[in-house]
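Student: Following this message is one structure expressed as structure tokens.
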Amino acid sequence: GGTYNTFLYRGDAGFAVSDQLQFRISGYYDTRMRLQDPYYLIDEKRYVISDSLLFYQVNADETNLYTEEALESSCVNAYAFWQISPDVDTEINLATQRSALQSMMQPLEQLALTNRKVQTNLFNIRSRIYRFQTQFSYQRGTQNLAVGYRGFEMNTEKLFASANYNHSGKSYEFRAGSSFQKSMYDNLFNEFSRNVELEDIAYRDKIIPGRNNVSDLGIYLTQNLYFLNRKLRLLTAVRADYLNTTQRLHPSYQLAATYKTGSKSLVSASYSKGLQGTFIQDYYHRIDSLSRYEVYRHLNPAAIKTYETGYRIKPLNELSLNLSFFVSNFYDLAQQQRDGDLIEKTNSPLTARQQGGSIDIDWNYNKLRVRTFAALQQTKYEATQGWQKDHTTPGYYGGLSGSYSLFLNKLKINTDLYYYGQHSFTNQLPESYIAPEKVANLKVSYNILDEHIVYFNARNLVHNQAAEFPYADKVRRMYLVGLNLTF
């Protein structure tokens, strides 16, 4: 627990009937208050105290009822593992979670932050029979993306199933399989929308009525090949996804290679194409008040092609160094156009490109470990005037972390620093700039009675008060004390 009424409770317990049959149950409960009271008003570009919000929520059924709470989250997990034989085993997971938080989902009236609530239950089972593996999971729940407003509460279901076969030899590794994923949303606004014209309801263009779904059926094949006494490794991977929205196949692939130039050095290179996941909001749009919708079947999922090369070396036993360089091209990005009351989504003809490099250094000396990383990058997009620089990603970012142990490793000191350069954020809101930021954290822990640990955690030691996300609360210093007990 600590400042801003922050409390985190975690616990788990396990037991084994035998080496082949094991059980575990775990859970957590987290709460945190907001770092400030005022709310940011987007149009007026100023903050107002929370007891004045009703004046700015004229279309809400109820004003913000939880202005002081930032987060409340709880979860319970149950796990079982059964090894039937050395080549056959299965594991089962059951979980239920509830969460409520304030976040910037989308602008509603003038408020930057809205309350969001989510409740889900999950079942997952994985089985292995020799080289054949299967998995099935099902998740169901409800989510409300803007508590107090109509049209943002919905039932959700997610189903996932996969099967794959693995085989390996002295100079190769092989995997082939398939997967199926389906996400379903049923807006609870349906019954209301059948009786009331949505044209009289605010934010009607943001409502997704009806039971909509997106599904993805994919098949894939990957293989690793080794040459020259396993100094040279070649990886090839191909995948094809059939989407119910576009009703056609979308390929993706990867080709990579690594080569050991010495006992402590390695070079690598890769070329890949990947697809963005499918989202309901990309493909469905309401067309009338009878819960009918249209599907943008011509909308391809956004894709990215990446070229990357790297070099890894360990000049000393205590020191390792990694260098990497990359160029990524994004295309088929979705764009939204409005023609009167009609909204149309199409794939943008523009391409975005990001290029840069990073360095990672890890140094271990006796009881001291220091790790630092830094990256430089530049993002551009193709416009009618040529390539234009984009400011939505920072031009640099990085971090430094260190740890040191004393008194027979009973006392441990950990510290870290992260930083990033100025960048901007733009969505449905006016462009907002995020100032450069440096945040330092410290954690000191001490082992008492062997397995038990008491610790002190200080976050944002330098007390930077800039907002790390536009229109959200300003970051403030936080202190926490904790106790871990193991029996």
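Chains: A, B, ... in order of the structure tokens. Residues: from 1 per chain. Ligands: from 1, in order shown.
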When DSSP is applied to the backbone of this structure, which of segment 100-345 of chain A are assigned helix (DSSP H, G or I)? Write them out as a list in words.

Tutor: Asn190, Glu191, Phe192, Ser193, Arg194, Asn195, Leu198, Glu199, Asp200, Arg204, Asp205, Lys206, Ile280, Gln281, Asp282 and Tyr283 of chain A

Student: Those same residues, written as an mmCIF file, in the first residue's frame with C-alpha atoms?

Tutor:
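In the end it all went to out.cif:
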data_model
loop_
_atom_site.group_PDB
_atom_site.id
_atom_site.type_symbol
_atom_site.label_atom_id
_atom_site.label_comp_id
_atom_site.auth_asym_id
_atom_site.auth_seq_id
_atom_site.Cartn_x
_atom_site.Cartn_y
_atom_site.Cartn_z
ATOM 1 C CA ASN A 190 -30.647 -2.975 -29.356
ATOM 2 C CA GLU A 191 -34.021 -3.066 -27.620
ATOM 3 C CA PHE A 192 -33.909 0.659 -26.998
ATOM 4 C CA SER A 193 -32.925 1.379 -30.581
ATOM 5 C CA ARG A 194 -35.918 -0.540 -31.936
ATOM 6 C CA ASN A 195 -38.315 1.773 -30.144
ATOM 7 C CA LEU A 198 -31.303 6.876 -32.912
ATOM 8 C CA GLU A 199 -31.216 10.195 -34.719
ATOM 9 C CA ASP A 200 -32.447 11.739 -31.461
ATOM 10 C CA ARG A 204 -25.262 7.803 -32.697
ATOM 11 C CA ASP A 205 -22.371 7.487 -35.137
ATOM 12 C CA LYS A 206 -20.279 5.850 -32.395
ATOM 13 C CA ILE A 280 -15.152 -4.727 -34.860
ATOM 14 C CA GLN A 281 -14.959 -0.968 -35.251
ATOM 15 C CA ASP A 282 -12.953 -1.296 -38.466
ATOM 16 C CA TYR A 283 -15.555 -3.312 -40.368
#

Student: I want to know what sits within 12 Å of Asn447 of chain A, based on only C-alpha atoms, with residues of the same chain fewer than 3 positions away left out; could you give that as a list in words?

Tutor: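 Near Asn447 of chain A, the qualifying residues are Ser405, Leu406, Phe407, Leu408, Asn409, Lys410, Leu411, Lys412, Ile413, Val444, Asp450, Glu451, His452, Ile453, Val454, Tyr455, Leu483, Asn484, Leu485 and Thr486 of chain A.
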
Student: Generate a file of the selected residues that holds N, CA, C and O atoms, formatted as a PDB file, in the first residue's frame.

Tutor:
ATOM      1  N   SER A 405      23.354  -6.021  -4.627  1.00  0.00           N
ATOM      2  CA  SER A 405      22.996  -6.858  -3.480  1.00  0.00           C
ATOM      3  C   SER A 405      24.057  -6.732  -2.389  1.00  0.00           C
ATOM      4  O   SER A 405      25.262  -6.682  -2.678  1.00  0.00           O
ATOM      5  N   LEU A 406      23.585  -6.708  -1.118  1.00  0.00           N
ATOM      6  CA  LEU A 406      24.480  -6.603   0.030  1.00  0.00           C
ATOM      7  C   LEU A 406      24.034  -7.580   1.112  1.00  0.00           C
ATOM      8  O   LEU A 406      22.939  -8.145   1.055  1.00  0.00           O
ATOM      9  N   PHE A 407      24.898  -7.746   2.104  1.00  0.00           N
ATOM     10  CA  PHE A 407      24.598  -8.557   3.283  1.00  0.00           C
ATOM     11  C   PHE A 407      24.087  -9.953   2.892  1.00  0.00           C
ATOM     12  O   PHE A 407      22.953 -10.333   3.179  1.00  0.00           O
ATOM     13  N   LEU A 408      24.958 -10.689   2.196  1.00  0.00           N
ATOM     14  CA  LEU A 408      24.632 -12.058   1.773  1.00  0.00           C
ATOM     15  C   LEU A 408      23.366 -12.100   0.931  1.00  0.00           C
ATOM     16  O   LEU A 408      22.528 -12.999   1.058  1.00  0.00           O
ATOM     17  N   ASN A 409      23.210 -11.108   0.062  1.00  0.00           N
ATOM     18  CA  ASN A 409      22.083 -10.997  -0.858  1.00  0.00           C
ATOM     19  C   ASN A 409      20.746 -10.779  -0.159  1.00  0.00           C
ATOM     20  O   ASN A 409      19.681 -10.929  -0.783  1.00  0.00           O
ATOM     21  N   LYS A 410      20.762 -10.413   1.102  1.00  0.00           N
ATOM     22  CA  LYS A 410      19.511 -10.137   1.797  1.00  0.00           C
ATOM     23  C   LYS A 410      18.960  -8.751   1.446  1.00  0.00           C
ATOM     24  O   LYS A 410      17.748  -8.558   1.343  1.00  0.00           O
ATOM     25  N   LEU A 411      19.842  -7.785   1.287  1.00  0.00           N
ATOM     26  CA  LEU A 411      19.436  -6.430   0.937  1.00  0.00           C
ATOM     27  C   LEU A 411      19.689  -6.201  -0.552  1.00  0.00           C
ATOM     28  O   LEU A 411      20.790  -6.396  -1.034  1.00  0.00           O
ATOM     29  N   LYS A 412      18.647  -5.788  -1.253  1.00  0.00           N
ATOM     30  CA  LYS A 412      18.759  -5.557  -2.694  1.00  0.00           C
ATOM     31  C   LYS A 412      18.245  -4.165  -3.022  1.00  0.00           C
ATOM     32  O   LYS A 412      17.179  -3.754  -2.549  1.00  0.00           O
ATOM     33  N   ILE A 413      19.019  -3.473  -3.835  1.00  0.00           N
ATOM     34  CA  ILE A 413      18.660  -2.124  -4.263  1.00  0.00           C
ATOM     35  C   ILE A 413      18.501  -2.136  -5.781  1.00  0.00           C
ATOM     36  O   ILE A 413      19.408  -2.546  -6.509  1.00  0.00           O
ATOM     37  N   VAL A 444      13.857  -0.825  -2.748  1.00  0.00           N
ATOM     38  CA  VAL A 444      14.782  -1.415  -1.790  1.00  0.00           C
ATOM     39  C   VAL A 444      14.058  -2.531  -1.055  1.00  0.00           C
ATOM     40  O   VAL A 444      12.983  -2.309  -0.491  1.00  0.00           O
ATOM     41  N   ASP A 450      14.431 -15.735   5.827  1.00  0.00           N
ATOM     42  CA  ASP A 450      14.666 -16.506   4.607  1.00  0.00           C
ATOM     43  C   ASP A 450      13.700 -16.168   3.470  1.00  0.00           C
ATOM     44  O   ASP A 450      14.056 -15.493   2.525  1.00  0.00           O
ATOM     45  N   GLU A 451      12.446 -16.640   3.543  1.00  0.00           N
ATOM     46  CA  GLU A 451      11.534 -16.541   2.411  1.00  0.00           C
ATOM     47  C   GLU A 451      10.714 -15.254   2.398  1.00  0.00           C
ATOM     48  O   GLU A 451      10.074 -14.946   1.396  1.00  0.00           O
ATOM     49  N   HIS A 452      10.683 -14.511   3.469  1.00  0.00           N
ATOM     50  CA  HIS A 452       9.828 -13.339   3.549  1.00  0.00           C
ATOM     51  C   HIS A 452      10.608 -12.082   3.177  1.00  0.00           C
ATOM     52  O   HIS A 452      11.779 -11.935   3.507  1.00  0.00           O
ATOM     53  N   ILE A 453       9.909 -11.169   2.493  1.00  0.00           N
ATOM     54  CA  ILE A 453      10.564  -9.968   1.972  1.00  0.00           C
ATOM     55  C   ILE A 453       9.733  -8.744   2.341  1.00  0.00           C
ATOM     56  O   ILE A 453       8.512  -8.731   2.164  1.00  0.00           O
ATOM     57  N   VAL A 454      10.393  -7.712   2.838  1.00  0.00           N
ATOM     58  CA  VAL A 454       9.775  -6.411   3.041  1.00  0.00           C
ATOM     59  C   VAL A 454      10.469  -5.426   2.102  1.00  0.00           C
ATOM     60  O   VAL A 454      11.679  -5.504   1.889  1.00  0.00           O
ATOM     61  N   TYR A 455       9.705  -4.502   1.514  1.00  0.00           N
ATOM     62  CA  TYR A 455      10.315  -3.615   0.530  1.00  0.00           C
ATOM     63  C   TYR A 455       9.671  -2.235   0.554  1.00  0.00           C
ATOM     64  O   TYR A 455       8.545  -2.037   1.035  1.00  0.00           O
ATOM     65  N   LEU A 483       4.986  -6.204   1.606  1.00  0.00           N
ATOM     66  CA  LEU A 483       5.451  -7.388   2.322  1.00  0.00           C
ATOM     67  C   LEU A 483       5.060  -8.618   1.530  1.00  0.00           C
ATOM     68  O   LEU A 483       3.888  -8.788   1.159  1.00  0.00           O
ATOM     69  N   ASN A 484       6.048  -9.461   1.224  1.00  0.00           N
ATOM     70  CA  ASN A 484       5.808 -10.749   0.579  1.00  0.00           C
ATOM     71  C   ASN A 484       6.049 -11.858   1.576  1.00  0.00           C
ATOM     72  O   ASN A 484       7.127 -11.960   2.165  1.00  0.00           O
ATOM     73  N   LEU A 485       5.062 -12.712   1.760  1.00  0.00           N
ATOM     74  CA  LEU A 485       5.176 -13.851   2.670  1.00  0.00           C
ATOM     75  C   LEU A 485       5.060 -15.139   1.883  1.00  0.00           C
ATOM     76  O   LEU A 485       4.135 -15.300   1.080  1.00  0.00           O
ATOM     77  N   THR A 486       5.993 -16.047   2.097  1.00  0.00           N
ATOM     78  CA  THR A 486       6.016 -17.336   1.395  1.00  0.00           C
ATOM     79  C   THR A 486       6.089 -18.455   2.425  1.00  0.00           C
ATOM     80  O   THR A 486       6.950 -18.437   3.297  1.00  0.00           O
TER      81      THR A 486
END

Student: So, with only C-alpha atoms as the atoms that count, which of A:Tyr259, A:Tyr40, A:Phe373, A:Phe469 lies closest to Tyr311 of chain A?

Tutor: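 Smallest distance to Tyr311 of chain A is found for A:Tyr259.
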
Student: Do a neighbour search on Asn300 of chain A at 10 Å with only C-alpha atoms, toss out local chain neighbours closer than 4 positions, and write the hits as a list in words.

Tutor: Leu243, Thr245, Thr246, Arg248, His250, Leu275, Gln276, Thr278, Asp282, Tyr283, Tyr296, Tyr331, Asp332, Leu333, Ala334, Thr346 and Asn347 of chain A

Student: Can you pull out every residue within 9 Å of segment 382-386 of chain A, counting only C-alpha atoms, but drop anything in the same chain fewer than 5 positions away, and send it as a VMD selection string?

Tutor: chain A and resid 349 to 353

Student: Please save N, CA, C and O atoms of the selected residues as a short mmCIF file (atom, residue, chain, number, x, y, z; two decimals), in the first residue's frame.

Tutor:
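Below is the file that was written, result.cif:
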data_model
loop_
_atom_site.label_atom_id
_atom_site.label_comp_id
_atom_site.auth_asym_id
_atom_site.auth_seq_id
_atom_site.Cartn_x
_atom_site.Cartn_y
_atom_site.Cartn_z
N PRO A 349 -4.29 5.42 -49.37
CA PRO A 349 -3.23 5.17 -50.36
C PRO A 349 -1.84 5.57 -49.84
O PRO A 349 -0.84 5.28 -50.49
N LEU A 350 -1.79 6.23 -48.68
CA LEU A 350 -0.52 6.70 -48.14
C LEU A 350 0.22 5.58 -47.42
O LEU A 350 -0.37 4.64 -46.92
N THR A 351 1.52 5.71 -47.38
CA THR A 351 2.39 4.77 -46.68
C THR A 351 3.14 5.51 -45.58
O THR A 351 3.59 6.64 -45.78
N ALA A 352 3.26 4.88 -44.43
CA ALA A 352 4.07 5.44 -43.34
C ALA A 352 5.34 4.61 -43.21
O ALA A 352 5.31 3.38 -43.38
N ARG A 353 6.43 5.26 -42.91
CA ARG A 353 7.72 4.58 -42.80
C ARG A 353 8.41 4.98 -41.49
O ARG A 353 8.48 6.15 -41.16
#
